[in-house]
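Structure below is run-v1.txt: compact mmCIF, C-alpha atoms and all ligand atoms.
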```
# COMPACT_ATOMS: atom_id res chain seq x y z
CA MET A 1 0.00 0.00 0.00
CA SER A 2 2.63 2.48 1.10
CA THR A 3 4.28 2.38 -2.36
CA HIS A 4 1.16 4.05 -3.71
CA ARG A 5 1.51 6.99 -1.33
CA GLN A 6 4.05 8.60 -3.63
CA PHE A 7 1.24 9.13 -6.14
CA ASN A 8 -0.99 11.03 -3.69
CA SER A 9 -1.64 14.67 -4.51
CA LYS A 10 -0.46 17.38 -2.13
CA ARG A 11 -4.10 18.44 -1.97
CA ILE A 12 -5.04 15.39 0.10
CA ALA A 13 -1.78 15.04 2.03
CA SER A 14 -3.21 16.40 5.28
CA PHE A 15 -6.40 14.31 5.14
CA GLY A 16 -6.93 11.28 7.38
CA GLU A 17 -9.81 8.89 7.94
CA THR A 18 -12.90 10.73 9.21
CA VAL A 19 -13.57 10.55 12.91
CA PHE A 20 -16.90 8.84 12.15
CA ALA A 21 -15.31 5.77 10.57
CA LYS A 22 -13.20 5.15 13.68
CA TYR A 23 -16.01 5.52 16.22
CA THR A 24 -18.59 3.63 14.15
CA ARG A 25 -16.08 0.76 14.03
CA LEU A 26 -15.58 0.97 17.80
CA ALA A 27 -19.36 0.96 18.34
CA GLN A 28 -19.69 -2.20 16.24
CA GLU A 29 -16.74 -3.97 17.85
CA HIS A 30 -18.07 -3.40 21.36
CA LYS A 31 -21.79 -3.58 20.55
CA ALA A 32 -22.09 -0.11 22.04
CA ILE A 33 -25.11 2.14 21.60
CA ASN A 34 -23.99 4.42 18.82
CA LEU A 35 -24.66 8.06 19.69
CA GLY A 36 -21.69 8.91 17.47
CA GLN A 37 -22.52 9.57 13.84
CA GLY A 38 -25.51 11.79 13.07
CA PHE A 39 -27.88 9.53 11.18
CA PRO A 40 -31.30 8.40 12.40
CA ASP A 41 -31.55 4.75 13.48
CA PHE A 42 -35.32 4.81 12.89
CA GLU A 43 -37.46 4.54 9.76
CA PRO A 44 -38.38 7.63 7.73
CA PRO A 45 -42.12 8.50 7.70
CA ALA A 46 -44.34 6.30 5.53
CA PHE A 47 -45.13 9.10 3.01
CA VAL A 48 -41.39 9.51 2.37
CA LEU A 49 -40.90 5.81 1.59
CA GLU A 50 -44.03 5.84 -0.56
CA ALA A 51 -42.67 8.81 -2.58
CA LEU A 52 -39.49 6.83 -3.25
CA ARG A 53 -41.44 3.76 -4.35
CA ALA A 54 -43.59 5.85 -6.71
CA ALA A 55 -40.54 7.61 -8.22
CA SER A 56 -38.65 4.37 -8.74
CA THR A 57 -40.73 3.31 -11.72
CA THR A 58 -40.95 6.58 -13.64
CA PHE A 59 -37.77 8.63 -13.99
CA GLN A 60 -34.65 6.74 -15.06
CA GLN A 61 -32.64 9.07 -17.34
CA TYR A 62 -30.48 12.16 -16.73
CA ALA A 63 -32.29 15.11 -15.21
CA PRO A 64 -31.69 18.67 -16.50
CA LEU A 65 -28.48 20.30 -15.21
CA PRO A 66 -30.17 22.81 -12.84
CA GLY A 67 -32.23 19.97 -11.33
CA LEU A 68 -35.52 18.21 -11.97
CA PRO A 69 -38.00 21.10 -12.52
CA ALA A 70 -40.48 19.71 -9.98
CA LEU A 71 -37.79 19.81 -7.27
CA SER A 72 -36.22 23.18 -8.21
CA GLU A 73 -39.73 24.65 -8.24
CA VAL A 74 -40.72 23.45 -4.79
CA VAL A 75 -37.36 24.60 -3.34
CA ALA A 76 -37.78 28.01 -5.02
CA LYS A 77 -41.35 28.30 -3.76
CA THR A 78 -40.43 27.39 -0.18
CA MET A 79 -37.49 29.80 -0.07
CA SER A 80 -39.52 32.55 -1.81
CA ALA A 81 -42.14 32.32 0.93
CA ARG A 82 -39.47 32.51 3.62
CA LEU A 83 -37.60 35.43 2.05
CA GLY A 84 -40.56 37.33 0.64
CA LEU A 85 -38.90 37.22 -2.79
CA GLY A 86 -39.99 35.74 -6.11
CA LEU A 87 -37.18 33.25 -6.79
CA LYS A 88 -36.86 31.66 -10.22
CA PRO A 89 -36.12 27.91 -10.10
CA GLU A 90 -33.72 28.00 -13.09
CA GLU A 91 -31.82 31.08 -11.97
CA ASN A 92 -31.81 30.86 -8.20
CA VAL A 93 -31.68 27.14 -7.38
CA GLN A 94 -29.11 24.44 -8.12
CA ILE A 95 -29.93 20.86 -7.10
CA THR A 96 -26.86 18.99 -5.80
CA VAL A 97 -25.75 15.62 -4.43
CA GLY A 98 -26.65 16.51 -0.86
CA ALA A 99 -25.43 19.55 1.00
CA THR A 100 -21.97 17.97 0.78
CA GLU A 101 -21.70 18.51 -2.96
CA ALA A 102 -23.34 21.95 -2.74
CA LEU A 103 -20.55 22.97 -0.33
CA PHE A 104 -17.82 21.46 -2.51
CA ALA A 105 -19.18 22.99 -5.74
CA THR A 106 -19.64 26.39 -4.05
CA MET A 107 -16.05 26.38 -2.86
CA GLN A 108 -14.79 25.32 -6.29
CA ALA A 109 -16.89 28.09 -7.83
CA LEU A 110 -15.79 30.93 -5.54
CA ILE A 111 -12.33 30.26 -4.15
CA ASP A 112 -9.01 30.97 -5.83
CA PRO A 113 -5.69 29.72 -4.43
CA GLY A 114 -4.72 31.91 -1.48
CA ASP A 115 -8.25 33.20 -0.80
CA GLU A 116 -9.18 33.05 2.87
CA VAL A 117 -12.37 31.44 4.12
CA ILE A 118 -13.51 32.00 7.70
CA LEU A 119 -14.73 28.90 9.56
CA LEU A 120 -16.34 28.96 12.98
CA GLU A 121 -15.21 26.25 15.41
CA PRO A 122 -16.33 23.64 16.17
CA PHE A 123 -16.86 23.13 12.41
CA TYR A 124 -18.58 20.47 10.32
CA ASP A 125 -15.54 18.51 9.21
CA ALA A 126 -16.11 18.82 5.45
CA TYR A 127 -15.55 22.61 5.56
CA PRO A 128 -11.76 22.74 5.97
CA ALA A 129 -11.36 19.94 3.39
CA ASP A 130 -13.55 21.83 0.89
CA VAL A 131 -11.55 25.02 1.40
CA LEU A 132 -8.23 23.19 1.03
CA MET A 133 -9.33 21.28 -2.08
CA ALA A 134 -10.17 24.64 -3.68
CA GLY A 135 -6.71 25.95 -2.78
CA GLY A 136 -8.11 28.31 -0.14
CA VAL A 137 -6.80 29.07 3.33
CA PRO A 138 -9.11 28.34 6.30
CA LYS A 139 -9.14 31.00 9.05
CA TYR A 140 -10.58 29.74 12.30
CA VAL A 141 -12.70 31.64 14.82
CA PRO A 142 -13.89 29.60 17.82
CA LEU A 143 -17.37 29.82 19.30
CA LEU A 144 -17.04 29.58 23.09
CA PRO A 145 -19.62 28.35 25.59
CA ASP A 146 -20.31 30.79 28.45
CA VAL A 147 -21.15 29.76 32.04
CA THR A 148 -24.81 29.22 31.14
CA GLY A 149 -23.82 26.84 28.31
CA ARG A 150 -24.72 29.30 25.49
CA TRP A 151 -22.24 29.38 22.62
CA ILE A 152 -20.94 32.89 22.07
CA LEU A 153 -19.64 34.35 18.81
CA ASP A 154 -16.92 36.83 19.75
CA LEU A 155 -17.61 39.66 17.30
CA ALA A 156 -14.28 41.35 17.97
CA GLU A 157 -12.45 38.14 17.06
CA LEU A 158 -14.63 37.62 14.00
CA THR A 159 -14.03 41.21 12.86
CA ALA A 160 -10.28 40.71 13.27
CA ALA A 161 -10.40 37.56 11.08
CA PHE A 162 -11.72 39.51 8.06
CA ASN A 163 -9.20 41.18 5.78
CA ALA A 164 -8.61 41.98 2.10
CA LYS A 165 -7.98 38.27 1.32
CA THR A 166 -11.28 37.08 2.84
CA LYS A 167 -13.47 35.62 0.11
CA ALA A 168 -16.11 33.87 2.18
CA ILE A 169 -17.35 32.81 5.58
CA ILE A 170 -19.14 29.52 6.18
CA LEU A 171 -22.00 29.79 8.59
CA ASN A 172 -23.97 26.81 9.87
CA THR A 173 -27.28 27.47 11.61
CA PRO A 174 -28.62 25.48 13.46
CA HIS A 175 -25.04 24.59 14.16
CA ASN A 176 -23.49 21.12 14.22
CA PRO A 177 -22.21 20.17 16.78
CA SER A 178 -22.97 22.98 19.27
CA GLY A 179 -26.71 23.25 18.64
CA LYS A 180 -26.39 27.04 18.44
CA VAL A 181 -29.03 28.86 16.40
CA PHE A 182 -27.65 32.23 15.31
CA SER A 183 -29.70 35.26 16.39
CA SER A 184 -30.80 38.07 14.11
CA ASP A 185 -28.18 40.36 15.70
CA GLU A 186 -25.40 37.85 15.01
CA LEU A 187 -26.56 37.30 11.42
CA ASP A 188 -26.74 41.07 10.86
CA ALA A 189 -23.22 41.54 12.21
CA ILE A 190 -21.91 38.81 9.86
CA ILE A 191 -23.76 40.42 6.93
CA ARG A 192 -22.24 43.84 7.75
CA LEU A 193 -18.74 42.32 7.78
CA ALA A 194 -19.38 40.47 4.51
CA HIS A 195 -20.49 43.72 2.83
CA LYS A 196 -17.54 45.66 4.22
CA HIS A 197 -14.99 43.10 2.99
CA ASN A 198 -16.75 42.11 -0.22
CA ALA A 199 -17.13 38.51 0.99
CA ILE A 200 -19.80 35.86 0.45
CA ILE A 201 -21.68 34.08 3.26
CA ILE A 202 -22.11 30.36 2.59
CA SER A 203 -24.94 29.40 4.90
CA ASP A 204 -25.31 25.68 5.62
CA GLU A 205 -28.84 25.23 6.96
CA VAL A 206 -29.30 21.44 6.78
CA TYR A 207 -30.90 21.47 10.26
CA GLU A 208 -33.31 24.31 9.34
CA HIS A 209 -36.35 22.25 10.39
CA ILE A 210 -34.79 20.83 13.58
CA SER A 211 -34.76 24.02 15.62
CA PHE A 212 -36.28 24.56 19.06
CA VAL A 213 -36.08 28.35 18.74
CA PRO A 214 -37.04 30.26 15.57
CA HIS A 215 -34.55 29.53 12.77
CA LEU A 216 -33.56 32.46 10.57
CA SER A 217 -31.89 32.16 7.19
CA VAL A 218 -29.10 34.64 6.64
CA ALA A 219 -30.74 35.41 3.26
CA GLN A 220 -33.88 36.73 4.94
CA ARG A 221 -32.03 39.41 6.93
CA PRO A 222 -31.53 42.88 5.39
CA GLY A 223 -28.62 42.79 2.96
CA GLY A 224 -28.25 39.03 3.38
CA TRP A 225 -29.70 37.72 0.13
CA GLU A 226 -27.29 39.41 -2.27
CA ARG A 227 -24.26 38.30 -0.25
CA SER A 228 -25.17 34.66 0.40
CA ILE A 229 -25.61 31.15 -0.89
CA THR A 230 -28.01 29.11 1.24
CA ILE A 231 -27.44 25.36 1.29
CA SER A 232 -29.74 22.66 2.59
CA SER A 233 -30.81 19.10 1.85
CA ILE A 234 -33.43 16.42 2.29
CA GLY A 235 -31.38 14.09 4.52
CA LYS A 236 -31.81 15.43 8.06
CA THR A 237 -35.34 16.78 7.65
CA PHE A 238 -36.85 13.52 6.41
CA SER A 239 -34.54 10.99 8.11
CA VAL A 240 -33.11 9.89 4.74
CA THR A 241 -29.43 10.80 4.99
CA GLY A 242 -28.70 8.16 2.32
CA TRP A 243 -30.66 9.96 -0.38
CA LYS A 244 -28.03 12.68 -0.81
CA VAL A 245 -30.25 15.26 -2.47
CA GLY A 246 -29.51 18.89 -1.64
CA TRP A 247 -29.59 22.39 -3.07
CA ALA A 248 -27.90 25.76 -3.19
CA VAL A 249 -30.09 28.86 -3.39
CA GLY A 250 -28.90 32.37 -4.11
CA PRO A 251 -28.65 35.29 -6.53
CA LYS A 252 -28.45 34.44 -10.22
CA GLU A 253 -24.73 35.16 -10.72
CA LEU A 254 -23.67 33.11 -7.69
CA ILE A 255 -25.85 30.13 -8.63
CA ARG A 256 -24.54 30.32 -12.19
CA ALA A 257 -21.02 29.92 -10.79
CA VAL A 258 -22.04 26.99 -8.56
CA ARG A 259 -23.71 25.36 -11.57
CA LEU A 260 -20.58 25.71 -13.70
CA ALA A 261 -18.61 23.79 -11.06
CA HIS A 262 -21.43 21.30 -10.42
CA GLN A 263 -21.65 20.35 -14.11
CA TRP A 264 -18.15 18.88 -13.90
CA ILE A 265 -18.58 17.22 -10.51
CA PRO A 266 -21.62 14.91 -10.72
CA PHE A 267 -23.16 16.70 -13.81
CA VAL A 268 -26.65 15.88 -12.52
CA VAL A 269 -28.27 14.27 -9.48
CA ALA A 270 -30.04 10.86 -9.40
CA THR A 271 -33.37 11.48 -11.12
CA PRO A 272 -35.68 9.13 -9.12
CA LEU A 273 -34.36 10.60 -5.88
CA GLN A 274 -35.02 14.13 -7.14
CA GLU A 275 -38.55 13.15 -8.11
CA ALA A 276 -39.12 11.54 -4.69
CA SER A 277 -37.67 14.61 -2.95
CA ALA A 278 -39.99 16.93 -4.89
CA SER A 279 -42.98 14.86 -3.85
CA VAL A 280 -41.85 14.74 -0.20
CA LEU A 281 -41.30 18.52 0.02
CA THR A 282 -44.65 19.21 -1.62
CA GLN A 283 -46.49 16.91 0.79
CA ALA A 284 -44.61 18.15 3.86
CA ALA A 285 -45.72 21.72 3.18
CA LYS A 286 -49.32 20.56 3.55
CA ASN A 287 -49.31 17.81 6.18
CA ASP A 288 -47.93 19.63 9.24
CA TYR A 289 -44.80 17.49 8.99
CA TYR A 290 -42.31 20.15 10.13
CA ALA A 291 -44.13 20.83 13.43
CA LYS A 292 -44.25 17.07 14.09
CA LEU A 293 -40.54 16.73 13.33
CA ARG A 294 -39.70 19.52 15.78
CA ARG A 295 -41.79 17.88 18.50
CA LEU A 296 -40.18 14.49 17.81
CA TYR A 297 -36.68 15.90 18.20
CA GLN A 298 -37.52 18.10 21.16
CA GLY A 299 -38.73 14.93 22.91
CA LYS A 300 -35.53 13.06 22.02
CA ARG A 301 -33.36 15.98 23.11
CA ASP A 302 -35.18 16.17 26.44
CA THR A 303 -34.87 12.38 26.98
CA LEU A 304 -31.11 12.62 26.53
CA LEU A 305 -30.81 15.77 28.66
CA ALA A 306 -32.80 14.12 31.48
CA ALA A 307 -30.56 11.03 31.31
CA LEU A 308 -27.41 13.16 31.40
CA LYS A 309 -28.66 14.88 34.58
CA GLN A 310 -28.16 11.50 36.36
CA THR A 311 -24.47 11.46 35.35
CA PRO A 312 -21.46 13.69 36.10
CA LEU A 313 -21.66 15.01 32.52
CA LYS A 314 -23.04 18.55 32.22
CA ALA A 315 -25.05 19.01 29.05
CA LEU A 316 -25.03 22.28 27.12
CA VAL A 317 -28.67 22.60 26.01
CA PRO A 318 -28.87 22.75 22.18
CA GLN A 319 -31.24 25.24 20.50
CA GLY A 320 -31.31 23.17 17.31
CA GLY A 321 -29.80 20.28 15.39
CA TYR A 322 -29.63 16.76 16.78
CA PHE A 323 -26.51 16.79 18.94
CA VAL A 324 -25.80 17.51 22.59
CA ILE A 325 -22.37 18.69 23.66
CA ALA A 326 -21.62 17.63 27.22
CA ASP A 327 -18.92 18.86 29.57
CA SER A 328 -16.92 16.09 31.25
CA SER A 329 -14.78 18.34 33.50
CA ALA A 330 -16.10 16.56 36.61
CA LEU A 331 -14.32 13.33 35.58
CA ASP A 332 -10.64 12.51 35.78
CA LEU A 333 -9.81 12.27 32.07
CA LYS A 334 -6.85 12.60 29.74
CA GLY A 335 -8.99 14.37 27.16
CA ASP A 336 -11.97 13.96 24.83
CA VAL A 337 -10.29 11.37 22.59
CA ALA A 338 -9.34 9.21 25.60
CA LEU A 339 -12.93 9.45 26.90
CA CYS A 340 -14.50 8.56 23.54
CA GLU A 341 -12.11 5.62 23.07
CA ALA A 342 -12.94 4.32 26.57
CA LEU A 343 -16.72 4.88 26.45
CA PRO A 344 -17.67 2.03 24.06
CA VAL A 345 -15.41 -0.41 25.91
CA GLN A 346 -16.17 0.50 29.52
CA VAL A 347 -19.68 1.93 29.33
CA GLY A 348 -21.17 0.57 26.08
CA VAL A 349 -21.94 3.96 24.50
CA THR A 350 -20.24 5.66 21.56
CA ALA A 351 -19.77 9.43 21.31
CA ILE A 352 -17.58 11.66 19.15
CA PRO A 353 -14.66 13.73 20.50
CA PRO A 354 -15.35 17.33 19.45
CA SER A 355 -11.63 18.15 19.15
CA ALA A 356 -12.00 16.61 15.65
CA PHE A 357 -13.99 19.73 14.79
CA TYR A 358 -11.27 22.22 15.75
CA SER A 359 -8.06 23.33 14.05
CA LYS A 360 -4.81 22.07 15.60
CA ASP A 361 -4.19 25.33 17.46
CA HIS A 362 -7.64 25.32 19.07
CA ARG A 363 -8.08 21.59 19.81
CA HIS A 364 -7.41 22.13 23.51
CA LEU A 365 -10.72 24.04 23.72
CA ALA A 366 -12.57 20.72 23.32
CA LYS A 367 -10.60 18.40 25.58
CA HIS A 368 -13.34 18.37 28.27
CA LEU A 369 -16.23 17.99 25.79
CA LEU A 370 -18.03 15.15 24.03
CA ARG A 371 -20.72 15.04 21.35
CA LEU A 372 -23.75 12.78 21.64
CA ALA A 373 -26.29 12.41 18.80
CA PHE A 374 -29.96 12.16 19.76
CA CYS A 375 -31.33 11.22 16.30
CA LYS A 376 -31.82 7.73 17.73
CA SER A 377 -34.76 5.61 18.90
CA ASP A 378 -36.16 6.46 22.36
CA GLU A 379 -35.12 2.97 23.56
CA ALA A 380 -31.53 3.59 22.44
CA LEU A 381 -31.48 6.99 24.17
CA GLN A 382 -32.90 5.57 27.40
CA GLU A 383 -30.52 2.61 27.42
CA ALA A 384 -27.56 4.91 26.65
CA GLY A 385 -28.68 7.14 29.53
CA GLN A 386 -28.73 4.14 31.89
CA ARG A 387 -25.29 3.04 30.78
CA LEU A 388 -23.81 6.52 31.11
CA GLN A 389 -24.69 6.42 34.81
CA ASN A 390 -21.78 3.98 35.15
CA LEU A 391 -19.49 6.94 34.61
CA ARG A 392 -19.95 7.66 38.29
CA GLU A 393 -17.84 4.99 39.93
CA GLY A 394 -14.34 6.43 39.82
CA PHE A 395 -14.29 6.50 36.02
CA LYS A 396 -10.96 7.68 34.68
CA THR A 397 -8.85 7.47 31.53
C1 LIG A 401 -23.63 20.76 9.12
C2 LIG A 401 -23.79 19.73 8.06
N1 LIG A 401 -23.70 20.10 6.78
C3 LIG A 401 -23.82 19.21 5.78
C4 LIG A 401 -24.03 17.87 6.04
C5 LIG A 401 -24.12 16.90 4.90
O1 LIG A 401 -25.38 16.91 4.36
P1 LIG A 401 -25.80 15.91 3.17
O2 LIG A 401 -25.94 14.56 3.75
O3 LIG A 401 -27.06 16.49 2.64
O4 LIG A 401 -24.69 15.95 2.17
C6 LIG A 401 -24.12 17.43 7.37
C7 LIG A 401 -24.28 16.00 7.68
O5 LIG A 401 -23.96 15.55 8.75
C8 LIG A 401 -23.99 18.40 8.41
O6 LIG A 401 -24.09 18.03 9.69
```

Would you mind giving the structure from this file in C-alpha cells?
Amino acid sequence: MSTHRQFNSKRIASFGETVFAKYTRLAQEHKAINLGQGFPDFEPPAFVLEALRAASTTFQQYAPLPGLPALSEVVAKTMSARLGLGLKPEENVQITVGATEALFATMQALIDPGDEVILLEPFYDAYPADVLMAGGVPKYVPLLPDVTGRWILDLAELTAAFNAKTKAIILNTPHNPSGKVFSSDELDAIIRLAHKHNAIIISDEVYEHISFVPHLSVAQRPGGWERSITISSIGKTFSVTGWKVGWAVGPKELIRAVRLAHQWIPFVVATPLQEASASVLTQAAKNDYYAKLRRLYQGKRDTLLAALKQTPLKALVPQGGYFVIADSSALDLKGDVALCEALPVQVGVTAIPPSAFYSKDHRHLAKHLLRLAFCKSDEALQEAGQRLQNLREGFKT
C-alpha cells in the first residue's frame, strides 16, 4: 500500500480517515449504543418511503443540469415564501448531491488559491477539506460556551479575522455540533462584515427544520440575500441521509457559478431521488410534517438531557440540530479522545470527541467535551442514559 503513497496529490496530504469511521467501528466492535454519527436509526415516515417507491418506476434518465423542474420549483417556492422574494427555479436554485456537494461545488466556484475562508469552530468537518481542495486558506474563529452553556460568537475576534484576502465565511445554523441557532443580531453583524470586505456568506442550513427556537436564514435578513448562498438538503429533515439530495439557493450570478462547477462534478443528481424529494417537500408543506418533526426531536433531546442529569456530565442545552455537547470536566480524564475511546469499551456507549472539529491550534478548547447524537430511537437513548450512569464509579482514563 505504502508504495502508492508517492502518487498522492499534495491536496489530500493532510487528510486522514474521518472521525466517524473510527467511532462507528468501535461501536460495532463493542456492541455499544452508537450516539456517534448523526444519522437516524429509525425509519423515515411512511409518506417519504411511498414517494421513493412511486418515483422508482418513472424517472430513469439524466435530469436537467439545474435539477428536476419539480424539485427546483418546490425549493424556489419554499425559499420565496421565507424570504418574501420571487425566486426563479432556473436562476436561483441548483440541485446537488446533498449539501456535501453543494458545499464542494460552491467552494470550487468561488475560491481561488490563497483566498481566505472564515470557519467557525467547532466546524462540520467537510468545511476545511472543501476550502483546502479549492486551494483556499481556512481562518478559524472559535465559538465559546459561556457559564450558562450558550455558545458565544466573539464579534471582535470575528471582525479581526476579516481582511482583504477574505473571500467567504461559512455559517452553519442550526449549528453542528454545538446546537447554536444564530440570532438576528449575530446574522446582521456577519452580513455587515461580509459587505464591508466584499465577501460571500455560505450558509449551511441542513438542520433548518430541527430548531427549538425560531430559525432564521441569513438570506432573509436585510442585505443578506445578495451576499449569500443558502445550502440545505433532504437528509436530516426527512430521516433519509442516504438519499443525498440537496440544493444551493442564491442570486443568479452566484448560482450560475455553482452550476458551472457542479456540471463537472456529478453533472446531474439521481433522477428518481429528485422526483421523490420533490414529492416529499410538496407533501410536507401541507401535512404539518415540520411541526411534528420539531416535536419528535424536542422529545428526544429532552430524553437525553434528562438522562445526562443523572451522570457527572453537564449538558449544554442545544437550541437546534440533533446533537448535545456535554462537559466532562467533573471526571478525571486525559482528554476527549481518551474518553470517547474508553466509552464504548467500559460503558457501552459511543460518542464523538469534538476536538476533531477544531483546528490544531484550538483543539485544547474541546478536551473536556463530548458530542452525543440524539437522532436515535427512544429505547436507544434511554438505554444509553442508563449506561452513562456507570461513569460515576471512579471512572478515569
Ligand atoms: C452541518 C452539516 N452540513 C452538511 C451535512 C451533509 O449533508 P448531506 O448529507 O445532505 O450531504 C451534514 C451532515 O452531517 C452536516 O451536519

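Closest approach to ligand LIG 401 (chain A) among A:Asp115, A:Asp336, A:Glu121, A:Asp288: A:Glu121, based on all atoms listed in the file.
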
List all protein, DNA and RNA residues that have at least one atom no more than 9 Å from any atom of ligand LIG 401 (chain A), counting only C-alpha atoms and all ligand atoms, and write them as a compact mmCIF listing (two decimals) with C-alpha atoms, keeping the file's coordinate frame.
```txt
# COMPACT_ATOMS: atom_id res chain seq x y z
CA GLN A 37 -22.52 9.57 13.84
CA GLY A 38 -25.51 11.79 13.07
CA PHE A 39 -27.88 9.53 11.18
CA THR A 96 -26.86 18.99 -5.80
CA VAL A 97 -25.75 15.62 -4.43
CA GLY A 98 -26.65 16.51 -0.86
CA ALA A 99 -25.43 19.55 1.00
CA THR A 100 -21.97 17.97 0.78
CA GLU A 101 -21.70 18.51 -2.96
CA ALA A 102 -23.34 21.95 -2.74
CA LEU A 103 -20.55 22.97 -0.33
CA PHE A 123 -16.86 23.13 12.41
CA TYR A 124 -18.58 20.47 10.32
CA ASP A 125 -15.54 18.51 9.21
CA ALA A 126 -16.11 18.82 5.45
CA TYR A 127 -15.55 22.61 5.56
CA ASN A 172 -23.97 26.81 9.87
CA THR A 173 -27.28 27.47 11.61
CA PRO A 174 -28.62 25.48 13.46
CA HIS A 175 -25.04 24.59 14.16
CA ASN A 176 -23.49 21.12 14.22
CA PRO A 177 -22.21 20.17 16.78
CA ASP A 204 -25.31 25.68 5.62
CA GLU A 205 -28.84 25.23 6.96
CA VAL A 206 -29.30 21.44 6.78
CA TYR A 207 -30.90 21.47 10.26
CA ILE A 231 -27.44 25.36 1.29
CA SER A 232 -29.74 22.66 2.59
CA SER A 233 -30.81 19.10 1.85
CA ILE A 234 -33.43 16.42 2.29
CA GLY A 235 -31.38 14.09 4.52
CA LYS A 236 -31.81 15.43 8.06
CA VAL A 240 -33.11 9.89 4.74
CA THR A 241 -29.43 10.80 4.99
CA GLY A 242 -28.70 8.16 2.32
CA TRP A 243 -30.66 9.96 -0.38
CA LYS A 244 -28.03 12.68 -0.81
CA VAL A 245 -30.25 15.26 -2.47
CA GLY A 246 -29.51 18.89 -1.64
CA TRP A 247 -29.59 22.39 -3.07
CA GLY A 321 -29.80 20.28 15.39
```

Give the centre and edge lengths of an axis-aligned box, in Å to one decimal, that holds all listed atoms of range 335-348 of chain A with 3 Å on each side, as lines of an AutoDock Vina configuration file.
```
center_x = -15.1
center_y = 7.0
center_z = 26.1
size_x = 18.2
size_y = 20.8
size_z = 12.9
```

(Q) Report as an NGL selection string all protein, DNA and RNA residues lying within 10 Å of Ala134 in chain A, evaluated on only C-alpha atoms, omitting residues in the same chain fewer than 5 positions from it. (A) :A and (11 or 104-115 or 128-129)

How about saving the chosen residues, C-alpha atoms kept, as a PDB file, in the frame of the given file?
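Saved to selection_12.pdb:
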```pdb
ATOM      1  CA  ARG A  11      -4.100  18.440  -1.970  1.00  0.00           C
ATOM      2  CA  PHE A 104     -17.820  21.460  -2.510  1.00  0.00           C
ATOM      3  CA  ALA A 105     -19.180  22.990  -5.740  1.00  0.00           C
ATOM      4  CA  THR A 106     -19.640  26.390  -4.050  1.00  0.00           C
ATOM      5  CA  MET A 107     -16.050  26.380  -2.860  1.00  0.00           C
ATOM      6  CA  GLN A 108     -14.790  25.320  -6.290  1.00  0.00           C
ATOM      7  CA  ALA A 109     -16.890  28.090  -7.830  1.00  0.00           C
ATOM      8  CA  LEU A 110     -15.790  30.930  -5.540  1.00  0.00           C
ATOM      9  CA  ILE A 111     -12.330  30.260  -4.150  1.00  0.00           C
ATOM     10  CA  ASP A 112      -9.010  30.970  -5.830  1.00  0.00           C
ATOM     11  CA  PRO A 113      -5.690  29.720  -4.430  1.00  0.00           C
ATOM     12  CA  GLY A 114      -4.720  31.910  -1.480  1.00  0.00           C
ATOM     13  CA  ASP A 115      -8.250  33.200  -0.800  1.00  0.00           C
ATOM     14  CA  PRO A 128     -11.760  22.740   5.970  1.00  0.00           C
ATOM     15  CA  ALA A 129     -11.360  19.940   3.390  1.00  0.00           C
TER      16      ALA A 129
END
```

Q: Using CA of Gly320 in chain A and CA of Tyr290 in chain A as the two end points, give the distance in Å to one decimal.
A: 13.5 Å

Q: Excluding Leu308 in chain A and any residue of its chain fewer than 6 positions from it, enumerate the residues within 10 Å of it, using all atoms listed in the file, and give them as number ranges by chain.
A: A: 302, 314-315, 324, 326, 384-386, 388-389

May I have the selected residues written with C-alpha atoms, as an mmCIF file, in the frame of the given file?
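Output file again.cif is given in full below:
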```
data_model
loop_
_atom_site.group_PDB
_atom_site.id
_atom_site.type_symbol
_atom_site.label_atom_id
_atom_site.label_comp_id
_atom_site.auth_asym_id
_atom_site.auth_seq_id
_atom_site.Cartn_x
_atom_site.Cartn_y
_atom_site.Cartn_z
ATOM 1 C CA ASP A 302 -35.180 16.170 26.440
ATOM 2 C CA LYS A 314 -23.040 18.550 32.220
ATOM 3 C CA ALA A 315 -25.050 19.010 29.050
ATOM 4 C CA VAL A 324 -25.800 17.510 22.590
ATOM 5 C CA ALA A 326 -21.620 17.630 27.220
ATOM 6 C CA ALA A 384 -27.560 4.910 26.650
ATOM 7 C CA GLY A 385 -28.680 7.140 29.530
ATOM 8 C CA GLN A 386 -28.730 4.140 31.890
ATOM 9 C CA LEU A 388 -23.810 6.520 31.110
ATOM 10 C CA GLN A 389 -24.690 6.420 34.810
#
```

Q. What separation in Å, quoted to one decimal, exists between CA of Ala291 in chain A and CA of Asp188 in chain A?
A.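 CA of Asp188 in chain A lies 26.8 Å from CA of Ala291 in chain A.
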
Q) What separation in Å, quoted to one decimal, exists between CA of Arg392 in chain A and CA of Pro145 in chain A? A)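 Value for the CA of Arg392 in chain A-CA of Pro145 in chain A distance: 24.3 Å.
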